file data20.pdb (PDB, C-alpha atoms)
ATOM      1  CA  MET A  30     -30.045  39.954 -43.677
ATOM      2  CA  ALA A  31     -33.024  38.891 -45.750
ATOM      3  CA  ALA A  32     -35.343  36.174 -44.490
ATOM      4  CA  THR A  33     -34.483  32.595 -45.324
ATOM      5  CA  VAL A  34     -37.461  31.032 -47.075
ATOM      6  CA  THR A  35     -37.373  27.391 -48.081
ATOM      7  CA  LEU A  36     -39.638  25.036 -49.996
ATOM      8  CA  HIS A  37     -40.848  21.830 -48.320
ATOM      9  CA  VAL A  38     -42.802  18.756 -49.399
ATOM     10  CA  PHE A  39     -45.443  17.278 -47.104
ATOM     11  CA  THR A  40     -46.156  13.569 -47.269
ATOM     12  CA  GLY A  41     -48.064  10.900 -45.330
ATOM     13  CA  THR A  42     -51.267  11.072 -43.333
ATOM     14  CA  ASN A  43     -52.932  14.457 -43.717
ATOM     15  CA  ALA A  44     -49.784  15.649 -45.476
ATOM     16  CA  GLY A  45     -48.355  15.850 -41.992
ATOM     17  CA  THR A  46     -44.727  14.862 -42.541
ATOM     18  CA  GLU A  47     -42.517  17.762 -43.576
ATOM     19  CA  SER A  48     -39.410  17.165 -45.654
ATOM     20  CA  GLY A  49     -36.213  19.105 -45.428
ATOM     21  CA  ALA A  50     -35.791  22.024 -47.800
ATOM     22  CA  VAL A  51     -36.068  20.951 -51.428
ATOM     23  CA  THR A  52     -35.150  22.575 -54.723
ATOM     24  CA  GLY A  53     -37.138  20.231 -56.941
ATOM     25  CA  ILE A  54     -39.924  17.672 -56.865
ATOM     26  CA  ASP A  55     -40.673  14.420 -58.679
ATOM     27  CA  PHE A  56     -44.099  13.524 -60.042
ATOM     28  CA  ILE A  57     -44.084   9.804 -59.386
ATOM     29  CA  SER A  58     -46.169   6.832 -58.259
ATOM     30  CA  ALA A  59     -45.037   7.136 -54.650
ATOM     31  CA  ASP A  60     -45.633   9.623 -51.868
ATOM     32  CA  ASN A  61     -42.147  10.849 -51.098
ATOM     33  CA  ALA A  62     -40.104  14.048 -51.159
ATOM     34  CA  THR A  63     -37.100  12.692 -53.035
ATOM     35  CA  ASN A  64     -35.910  14.482 -56.165
ATOM     36  CA  SER A  65     -33.630  12.220 -58.178
ATOM     37  CA  LEU A  66     -33.461  10.226 -61.377
ATOM     38  CA  ALA A  67     -33.345   7.019 -59.337
ATOM     39  CA  ASN A  68     -36.563   7.988 -57.583
ATOM     40  CA  ARG A  69     -38.295   8.676 -60.871
ATOM     41  CA  THR A  70     -37.006   5.407 -62.330
ATOM     42  CA  THR A  71     -38.189   3.405 -59.334
ATOM     43  CA  TYR A  72     -41.639   5.011 -59.204
ATOM     44  CA  PRO A  73     -42.655   5.827 -62.781
ATOM     45  CA  ILE A  74     -46.119   6.768 -63.963
ATOM     46  CA  THR A  75     -47.370   4.061 -66.286
ATOM     47  CA  ILE A  76     -49.160   5.340 -69.375
ATOM     48  CA  PRO A  77     -52.703   3.982 -69.163
ATOM     49  CA  THR A  78     -54.218   1.886 -71.945
ATOM     50  CA  SER A  79     -57.175   4.252 -71.809
ATOM     51  CA  GLY A  80     -58.091   7.333 -69.845
ATOM     52  CA  THR A  81     -55.710   9.200 -67.547
ATOM     53  CA  ALA A  82     -53.068   8.128 -65.072
ATOM     54  CA  TYR A  83     -52.042  10.313 -62.152
ATOM     55  CA  SER A  84     -48.960  10.930 -60.104
ATOM     56  CA  PHE A  85     -49.237  11.147 -56.344
ATOM     57  CA  GLU A  86     -50.161  14.668 -55.369
ATOM     58  CA  LYS A  87     -47.304  16.864 -54.211
ATOM     59  CA  TRP A  88     -48.157  19.002 -51.197
ATOM     60  CA  LEU A  89     -45.860  22.002 -50.839
ATOM     61  CA  LYS A  90     -45.424  24.859 -48.411
ATOM     62  CA  LEU A  91     -42.896  27.603 -47.850
ATOM     63  CA  ARG A  92     -41.174  27.888 -44.490
ATOM     64  CA  ILE A  93     -40.048  31.314 -43.282
ATOM     65  CA  GLY A  94     -36.797  31.119 -41.389
ATOM     66  CA  ALA A  95     -34.461  33.553 -39.702
ATOM     67  CA  GLY A  96     -33.802  37.076 -40.876
ATOM     68  CA  LEU A  97     -37.329  38.386 -41.276
ATOM     69  CA  ALA A  98     -37.363  42.169 -40.719
ATOM     70  CA  ASN A  99     -41.113  42.786 -40.830
ATOM     71  CA  GLN A 100     -43.338  40.563 -42.907
ATOM     72  CA  ILE A 101     -43.800  38.314 -45.899
ATOM     73  CA  SER A 102     -46.912  38.397 -48.065
ATOM     74  CA  ASN A 103     -48.285  38.033 -51.586
ATOM     75  CA  VAL A 104     -47.128  34.476 -52.285
ATOM     76  CA  LYS A 105     -47.681  33.614 -55.953
ATOM     77  CA  PHE A 106     -47.136  30.588 -58.178
ATOM     78  CA  TRP A 107     -46.933  30.155 -61.952
ATOM     79  CA  THR A 108     -45.581  28.046 -64.801
ATOM     80  CA  ASP A 109     -44.302  28.742 -68.302
ATOM     81  CA  GLY A 110     -47.797  27.937 -69.589
ATOM     82  CA  SER A 111     -47.259  24.662 -71.392
ATOM     83  CA  PHE A 112     -46.456  21.021 -70.720
ATOM     84  CA  GLN A 113     -45.385  18.032 -72.756
ATOM     85  CA  ALA A 114     -48.056  16.780 -75.173
ATOM     86  CA  ASN A 115     -50.754  14.585 -73.638
ATOM     87  CA  THR A 116     -49.641  15.395 -70.124
ATOM     88  CA  GLY A 117     -50.686  18.173 -67.827
ATOM     89  CA  VAL A 118     -50.297  19.457 -64.309
ATOM     90  CA  LYS A 119     -53.176  20.514 -62.125
ATOM     91  CA  TYR A 120     -52.823  22.707 -59.070
ATOM     92  CA  GLY A 121     -54.850  23.933 -56.130
ATOM     93  CA  THR A 122     -54.314  25.594 -52.785
ATOM     94  CA  THR A 123     -55.732  24.673 -49.428
ATOM     95  CA  ALA A 124     -55.043  25.345 -45.788
ATOM     96  CA  THR A 125     -56.111  21.881 -44.680
ATOM     97  CA  GLY A 126     -53.789  18.943 -45.086
ATOM     98  CA  ALA A 127     -55.014  15.684 -46.591
ATOM     99  CA  THR A 128     -53.222  12.465 -47.347
ATOM    100  CA  PRO A 129     -51.722  12.624 -50.878
ATOM    101  CA  VAL A 130     -53.533  10.431 -53.402
ATOM    102  CA  GLN A 131     -52.649   8.941 -56.751
ATOM    103  CA  THR A 132     -56.192   9.172 -58.071
ATOM    104  CA  ALA A 133     -57.723  12.265 -59.625
ATOM    105  CA  SER A 134     -57.060  14.998 -57.093
ATOM    106  CA  THR A 135     -59.927  16.866 -55.517
ATOM    107  CA  LYS A 136     -57.486  19.606 -54.431
ATOM    108  CA  ALA A 137     -55.371  20.073 -57.564
ATOM    109  CA  THR A 138     -58.123  20.740 -60.063
ATOM    110  CA  THR A 139     -56.999  23.839 -61.994
ATOM    111  CA  ASP A 140     -54.834  23.531 -65.099
ATOM    112  CA  ALA A 141     -51.395  24.836 -64.070
ATOM    113  CA  ALA A 142     -50.812  25.998 -67.645
ATOM    114  CA  THR A 143     -53.312  28.775 -66.936
ATOM    115  CA  ALA A 144     -51.066  30.146 -64.165
ATOM    116  CA  THR A 145     -48.498  32.143 -66.124
ATOM    117  CA  SER A 146     -46.235  35.122 -65.564
ATOM    118  CA  GLY A 147     -49.014  37.320 -66.890
ATOM    119  CA  ALA A 148     -51.660  35.642 -64.743
ATOM    120  CA  LYS A 149     -49.948  34.432 -61.608
ATOM    121  CA  ALA A 150     -51.926  32.244 -59.249
ATOM    122  CA  THR A 151     -52.241  33.178 -55.596
ATOM    123  CA  TRP A 152     -50.607  30.521 -53.459
ATOM    124  CA  ASP A 153     -51.207  32.306 -50.176
ATOM    125  CA  GLY A 154     -52.750  35.708 -49.581
ATOM    126  CA  GLY A 155     -51.764  35.929 -45.928
ATOM    127  CA  THR A 156     -49.274  38.247 -44.275
ATOM    128  CA  TYR A 157     -46.665  36.600 -42.051
ATOM    129  CA  ASN A 158     -44.594  38.426 -39.473
ATOM    130  CA  THR A 159     -43.109  35.458 -37.632
ATOM    131  CA  THR A 160     -41.020  32.495 -38.647
ATOM    132  CA  GLY A 161     -42.734  29.233 -39.526
ATOM    133  CA  LEU A 162     -44.830  27.765 -42.297
ATOM    134  CA  ILE A 163     -47.170  29.748 -44.460
ATOM    135  CA  ASN A 164     -50.788  28.714 -44.124
ATOM    136  CA  ASN A 165     -51.623  27.341 -47.567
ATOM    137  CA  TYR A 166     -50.392  24.219 -49.228
ATOM    138  CA  LEU A 167     -49.810  24.290 -52.968
ATOM    139  CA  VAL A 168     -51.016  20.931 -54.269
ATOM    140  CA  LEU A 169     -49.727  19.717 -57.642
ATOM    141  CA  GLN A 170     -50.494  16.589 -59.624
ATOM    142  CA  LEU A 171     -49.263  15.292 -62.980
ATOM    143  CA  ASN A 172     -51.874  13.859 -65.361
ATOM    144  CA  VAL A 173     -50.826  11.495 -68.135
ATOM    145  CA  THR A 174     -53.263  10.469 -70.860
ATOM    146  CA  ASP A 175     -53.245   7.276 -72.880
ATOM    147  CA  ALA A 176     -51.834   9.228 -75.857
ATOM    148  CA  ALA A 177     -48.666  10.238 -73.996
ATOM    149  CA  THR A 178     -45.257   9.230 -75.293
ATOM    150  CA  GLN A 179     -43.219   6.799 -73.244
ATOM    151  CA  GLY A 180     -39.987   8.068 -71.722
ATOM    152  CA  ASN A 181     -38.764  10.783 -69.426
ATOM    153  CA  TRP A 182     -41.180  13.613 -68.906
ATOM    154  CA  THR A 183     -39.622  16.909 -69.945
ATOM    155  CA  GLN A 184     -38.400  18.748 -66.891
ATOM    156  CA  GLU A 185     -40.648  21.673 -66.109
ATOM    157  CA  THR A 186     -39.846  24.822 -64.208
ATOM    158  CA  PHE A 187     -42.286  26.141 -61.639
ATOM    159  CA  TYR A 188     -41.921  29.655 -60.328
ATOM    160  CA  TYR A 189     -43.008  31.273 -57.103
ATOM    161  CA  SER A 190     -42.566  34.682 -55.588
ATOM    162  CA  TYR A 191     -43.253  36.512 -52.353
ATOM    163  CA  ASP A 192     -42.917  40.044 -51.096
ATOM    164  CA  GLU A 193     -40.677  40.722 -48.134
ATOM    165  CA  MET A 194     -40.608  43.909 -46.123
TER     166      MET A 194
ATOM    167  CA  MET B   5     -28.858  33.222 -56.298
ATOM    168  CA  SER B   6     -28.719  37.008 -56.276
ATOM    169  CA  LEU B   7     -27.119  38.679 -53.304
ATOM    170  CA  PRO B   8     -29.372  41.084 -51.418
ATOM    171  CA  ILE B   9     -28.708  44.793 -51.608
ATOM    172  CA  ASN B  10     -28.582  46.279 -48.123
ATOM    173  CA  TYR B  11     -30.397  49.600 -47.878
ATOM    174  CA  MET B  12     -30.391  52.309 -45.249
ATOM    175  CA  LEU B  13     -33.595  54.344 -45.072
ATOM    176  CA  ARG B  14     -33.302  58.027 -44.248
ATOM    177  CA  CYS B  15     -36.614  59.803 -43.568
ATOM    178  CA  GLN B  16     -37.088  63.517 -43.153
ATOM    179  CA  SER B  17     -40.222  65.075 -41.699
ATOM    180  CA  HIS B  18     -41.751  68.430 -42.696
ATOM    181  CA  VAL B  19     -40.023  70.063 -39.701
ATOM    182  CA  GLY B  20     -36.650  68.681 -40.682
ATOM    183  CA  GLU B  21     -36.444  65.793 -38.231
ATOM    184  CA  VAL B  22     -34.262  63.051 -39.645
ATOM    185  CA  CYS B  23     -34.483  59.376 -38.858
ATOM    186  CA  GLN B  24     -32.153  56.782 -40.319
ATOM    187  CA  PHE B  25     -32.092  53.014 -39.946
ATOM    188  CA  SER B  26     -31.215  49.816 -41.799
ATOM    189  CA  LEU B  27     -33.959  47.972 -43.627
ATOM    190  CA  GLU B  28     -32.432  44.825 -42.203
ATOM    191  CA  GLU B  29     -33.365  45.981 -38.697
ATOM    192  CA  GLU B  30     -35.975  43.663 -37.244
ATOM    193  CA  GLY B  31     -39.352  45.326 -36.709
ATOM    194  CA  TRP B  32     -38.504  48.694 -38.297
ATOM    195  CA  LEU B  33     -41.967  49.100 -39.769
ATOM    196  CA  LYS B  34     -43.575  49.266 -36.327
ATOM    197  CA  ARG B  35     -40.655  50.843 -34.493
ATOM    198  CA  TYR B  36     -40.439  53.849 -36.801
ATOM    199  CA  LYS B  37     -44.112  54.078 -37.717
ATOM    200  CA  LYS B  38     -44.444  57.686 -36.540
ATOM    201  CA  GLN B  39     -41.388  58.807 -38.494
ATOM    202  CA  LEU B  40     -42.532  56.904 -41.568
ATOM    203  CA  ASP B  41     -46.025  58.411 -41.356
ATOM    204  CA  ASN B  42     -44.606  61.937 -41.044
ATOM    205  CA  ALA B  43     -41.923  61.662 -43.693
ATOM    206  CA  VAL B  44     -41.970  64.126 -46.580
ATOM    207  CA  THR B  45     -38.895  62.648 -48.183
ATOM    208  CA  MET B  46     -37.404  59.189 -48.002
ATOM    209  CA  GLU B  47     -33.975  58.274 -49.236
ATOM    210  CA  PHE B  48     -33.100  54.624 -49.738
ATOM    211  CA  ILE B  49     -29.311  54.420 -49.649
ATOM    212  CA  PRO B  50     -27.457  51.242 -50.696
ATOM    213  CA  THR B  51     -24.794  50.583 -48.072
ATOM    214  CA  ASP B  52     -22.870  47.730 -49.641
ATOM    215  CA  ARG B  53     -22.942  48.476 -53.369
ATOM    216  CA  ASN B  54     -21.901  51.398 -55.465
ATOM    217  CA  LEU B  55     -25.464  52.152 -56.547
ATOM    218  CA  PRO B  56     -27.319  55.461 -56.529
ATOM    219  CA  PRO B  57     -29.857  56.154 -53.764
ATOM    220  CA  ILE B  58     -33.578  56.231 -54.510
ATOM    221  CA  VAL B  59     -35.327  59.385 -53.278
ATOM    222  CA  LEU B  60     -39.094  59.509 -52.784
ATOM    223  CA  PRO B  61     -40.923  62.821 -52.458
ATOM    224  CA  LEU B  62     -43.876  62.219 -50.157
ATOM    225  CA  GLY B  63     -46.425  64.458 -48.446
ATOM    226  CA  ASN B  64     -49.720  65.494 -50.073
ATOM    227  CA  GLY B  65     -51.287  62.189 -49.091
ATOM    228  CA  ARG B  66     -48.622  60.046 -50.725
ATOM    229  CA  ARG B  67     -47.936  56.769 -48.958
ATOM    230  CA  PHE B  68     -44.571  55.120 -49.453
ATOM    231  CA  ILE B  69     -44.127  51.692 -51.004
ATOM    232  CA  TYR B  70     -41.152  49.525 -50.260
ATOM    233  CA  VAL B  71     -40.959  45.824 -50.901
ATOM    234  CA  SER B  72     -38.343  43.235 -51.700
ATOM    235  CA  ARG B  73     -39.773  40.660 -54.090
ATOM    236  CA  VAL B  74     -38.138  37.260 -54.155
ATOM    237  CA  PHE B  75     -38.540  34.902 -57.110
ATOM    238  CA  GLY B  76     -37.910  31.214 -56.516
ATOM    239  CA  ILE B  77     -37.436  28.689 -59.275
ATOM    240  CA  ASN B  78     -38.401  25.137 -58.474
ATOM    241  CA  GLY B  79     -36.113  22.599 -60.093
ATOM    242  CA  VAL B  80     -33.195  24.991 -60.116
ATOM    243  CA  GLY B  81     -33.093  26.151 -56.524
ATOM    244  CA  ALA B  82     -32.277  29.680 -57.600
ATOM    245  CA  PHE B  83     -33.548  32.904 -56.113
ATOM    246  CA  LEU B  84     -33.714  36.334 -57.618
ATOM    247  CA  ARG B  85     -34.396  39.360 -55.425
ATOM    248  CA  LEU B  86     -35.689  42.696 -56.675
ATOM    249  CA  TYR B  87     -36.434  45.834 -54.691
ATOM    250  CA  ALA B  88     -39.381  48.128 -55.324
ATOM    251  CA  PHE B  89     -39.694  51.723 -54.149
ATOM    252  CA  GLY B  90     -42.481  54.143 -54.816
ATOM    253  CA  TRP B  91     -45.540  55.889 -53.570
ATOM    254  CA  GLN B  92     -49.265  55.664 -53.955
ATOM    255  CA  ALA B  93     -52.005  58.174 -53.339
ATOM    256  CA  THR B  94     -55.682  58.642 -53.964
ATOM    257  CA  VAL B  95     -56.071  61.189 -56.742
ATOM    258  CA  ASP B  96     -59.556  62.147 -57.943
ATOM    259  CA  GLY B  97     -60.929  59.074 -56.216
ATOM    260  CA  LYS B  98     -58.473  56.748 -57.930
ATOM    261  CA  ASN B  99     -55.484  54.953 -56.487
ATOM    262  CA  VAL B 100     -52.370  56.170 -58.304
ATOM    263  CA  LYS B 101     -49.150  54.224 -57.893
ATOM    264  CA  HIS B 102     -45.602  54.983 -59.053
ATOM    265  CA  MET B 103     -42.950  52.325 -58.666
ATOM    266  CA  ILE B 104     -39.315  51.765 -59.524
ATOM    267  CA  TRP B 105     -37.817  48.271 -59.426
ATOM    268  CA  VAL B 106     -34.114  47.755 -58.753
ATOM    269  CA  TYR B 107     -32.447  44.608 -60.133
ATOM    270  CA  PRO B 108     -29.459  42.838 -58.551
ATOM    271  CA  ASN B 109     -27.030  44.503 -60.983
ATOM    272  CA  GLY B 110     -28.451  47.950 -60.284
ATOM    273  CA  SER B 111     -30.602  48.164 -63.408
ATOM    274  CA  VAL B 112     -33.936  49.839 -62.817
ATOM    275  CA  GLU B 113     -37.374  49.495 -64.305
ATOM    276  CA  VAL B 114     -40.170  52.026 -63.867
ATOM    277  CA  SER B 115     -43.325  49.971 -63.820
ATOM    278  CA  GLU B 116     -46.081  48.955 -61.451
ATOM    279  CA  GLU B 117     -45.000  45.336 -61.833
ATOM    280  CA  PRO B 118     -41.543  44.165 -62.978
ATOM    281  CA  ILE B 119     -41.520  43.009 -66.594
ATOM    282  CA  MET B 120     -37.853  42.455 -67.461
ATOM    283  CA  VAL B 121     -37.663  39.863 -64.713
ATOM    284  CA  GLU B 122     -39.768  37.465 -66.769
ATOM    285  CA  GLN B 123     -37.015  37.200 -69.388
ATOM    286  CA  ILE B 124     -34.393  36.685 -66.707
ATOM    287  CA  LEU B 125     -36.447  33.925 -65.057
ATOM    288  CA  LYS B 126     -37.049  32.285 -68.427
ATOM    289  CA  HIS B 127     -33.335  31.997 -69.167
ATOM    290  CA  LEU B 128     -32.063  31.450 -65.637
ATOM    291  CA  PRO B 129     -32.494  27.642 -65.587
ATOM    292  CA  GLN B 130     -30.413  27.322 -68.761
ATOM    293  CA  TYR B 131     -27.812  29.710 -67.356
ATOM    294  CA  MET B 132     -27.662  27.781 -64.064
ATOM    295  CA  ALA B 133     -27.283  24.484 -65.925
ATOM    296  CA  GLN B 134     -24.380  25.904 -67.950
ATOM    297  CA  GLN B 135     -22.743  27.212 -64.776
ATOM    298  CA  SER B 136     -23.126  23.816 -63.164
ATOM    299  CA  LEU B 137     -21.548  22.066 -66.150
ATOM    300  CA  GLN B 138     -18.652  24.535 -66.142
ATOM    301  CA  GLU B 139     -18.101  24.004 -62.414
ATOM    302  CA  ARG B 140     -18.098  20.231 -62.891
ATOM    303  CA  GLY B 141     -15.596  20.625 -65.706
ATOM    304  CA  GLN B 142     -13.290  22.637 -63.471
ATOM    305  CA  ASN B 143     -13.454  20.047 -60.674
TER     306      ASN B 143
END

call {"tool": "encode", "arguments": {"input": "data20.pdb", "output": "structure tokens"}}
result
Amino acid sequence: MAATVTLHVFTGTNAGTESGAVTGIDFISADNATNSLANRTTYPITIPTSGTAYSFEKWLKLRIGAGLANQISNVKFWTDGSFQANTGVKYGTTATGATPVQTASTKATTDAATATSGAKATWDGGTYNTTGLINNYLVLQLNVTDAATQGNWTQETFYYSYDEM
Amino acid sequence: MSLPINYMLRCQSHVGEVCQFSLEEEGWLKRYKKQLDNAVTMEFIPTDRNLPPIVLPLGNGRRFIYVSRVFGINGVGAFLRLYAFGWQATVDGKNVKHMIWVYPNGSVEVSEEPIMVEQILKHLPQYMAQQSLQERGQN
């Protein structure tokens, strides 16, 4: 049996509240782990009259569950390299939790479009031989400029990988 | 979500000692360290699929490589699992690596890093969406 590895969102004070396993995330104006159209409708990002508006940061970690034979390592993250016009996603990694913010992130500061299949970003360089959470959070934040078009943001696909032995 | 391929690893030392175990066995890397270090051939044998085994010739300073790489796709909830087998050695002061990647359908790719997988990942969300629509239509 291969290890069960699941993706989790961390919300609240010091990103200390772990969600159940998720398969998708919403970039919204609230700090929650819900992934639904209703959630996005209730907590939209308003296009600013000038400058840039931000979603709440999304703090993510992988949890290693049962079935691990030896170890998991080499956790990577990447995107398809482009986002909808006048919007962008920034990312960063950190081992220390902080309360998610809806202002310009000091953790998610690198353009996620630069993390591509040909230049994958390192999410966590550790080696894990027990069940539990990996050390590093992946922090993501959506940026929306005043030139953005109103409406649903095009769904984006984010990829991650890890090596299991 | 791709089903894992279960492999049995059969190692043979230079004096003919044979050791065989499942790669699903917890802690095999430490438990069989001596046998792994002394192996001159390794045979990775699929136990639940009709796929050919992968045989690695070792010795001469070659160190085996085995890894199962899992690709997750956020927004789709899909996983794709590949297996990599190979060896690396220091030759003329340089690290030389030879790898073969096995895909869920048994296709193989000889490359240090998998390349075909990028195309699969690119089209998987669309494929999953179509599957979902078809399933909804059937229900």

call {"tool": "resolve_selection", "arguments": {"input": "data20.pdb", "expression": "the ChimeraX specification (/A :<9) & /B", "output": "list in words"}}
result
Pro8, Asn10, Leu27, Glu28, Glu29, Glu30, Gly31, Trp32, Leu33, Lys34, Tyr70, Val71, Ser72, Arg73, Val74, Phe75, Gly76, Ile77, Asn78, Gly79, Val80, Gly81, Ala82, Glu122, Leu125, Lys126 and Pro129 of chain B

call {"tool": "resolve_selection", "arguments": {"input": "data20.pdb", "expression": "the PyMOL selection byres ((chain B and resi 41) around 12)", "output": "VMD selection string"}}
result
chain B and resid 15 to 18 23 33 to 40 42 to 46 62 to 69

call {"tool": "residues_around", "arguments": {"input": "data20.pdb", "residues": "Val114 in chain B", "least_positions_apart": "6", "cutoff": "8 Å", "atoms": "only C-alpha atoms", "output": "number ranges by chain"}}
result
B: 102-105

call {"tool": "atom_distance", "arguments": {"input": "data20.pdb", "atom1": "CA of Ala124 in chain A", "atom2": "CA of Ser48 in chain A"}}
result
17.6 Å

call {"tool": "residues_near_point", "arguments": {"input": "data20.pdb", "point": "(-51.8, 24.0, -54.9)", "cutoff": "12 Å", "atoms": "all atoms listed in the file", "output": "PyMOL selection string"}}
result
chain A and resi 38+86-91+104-107+118-126+134-141+144+150-153+164-170+187+189
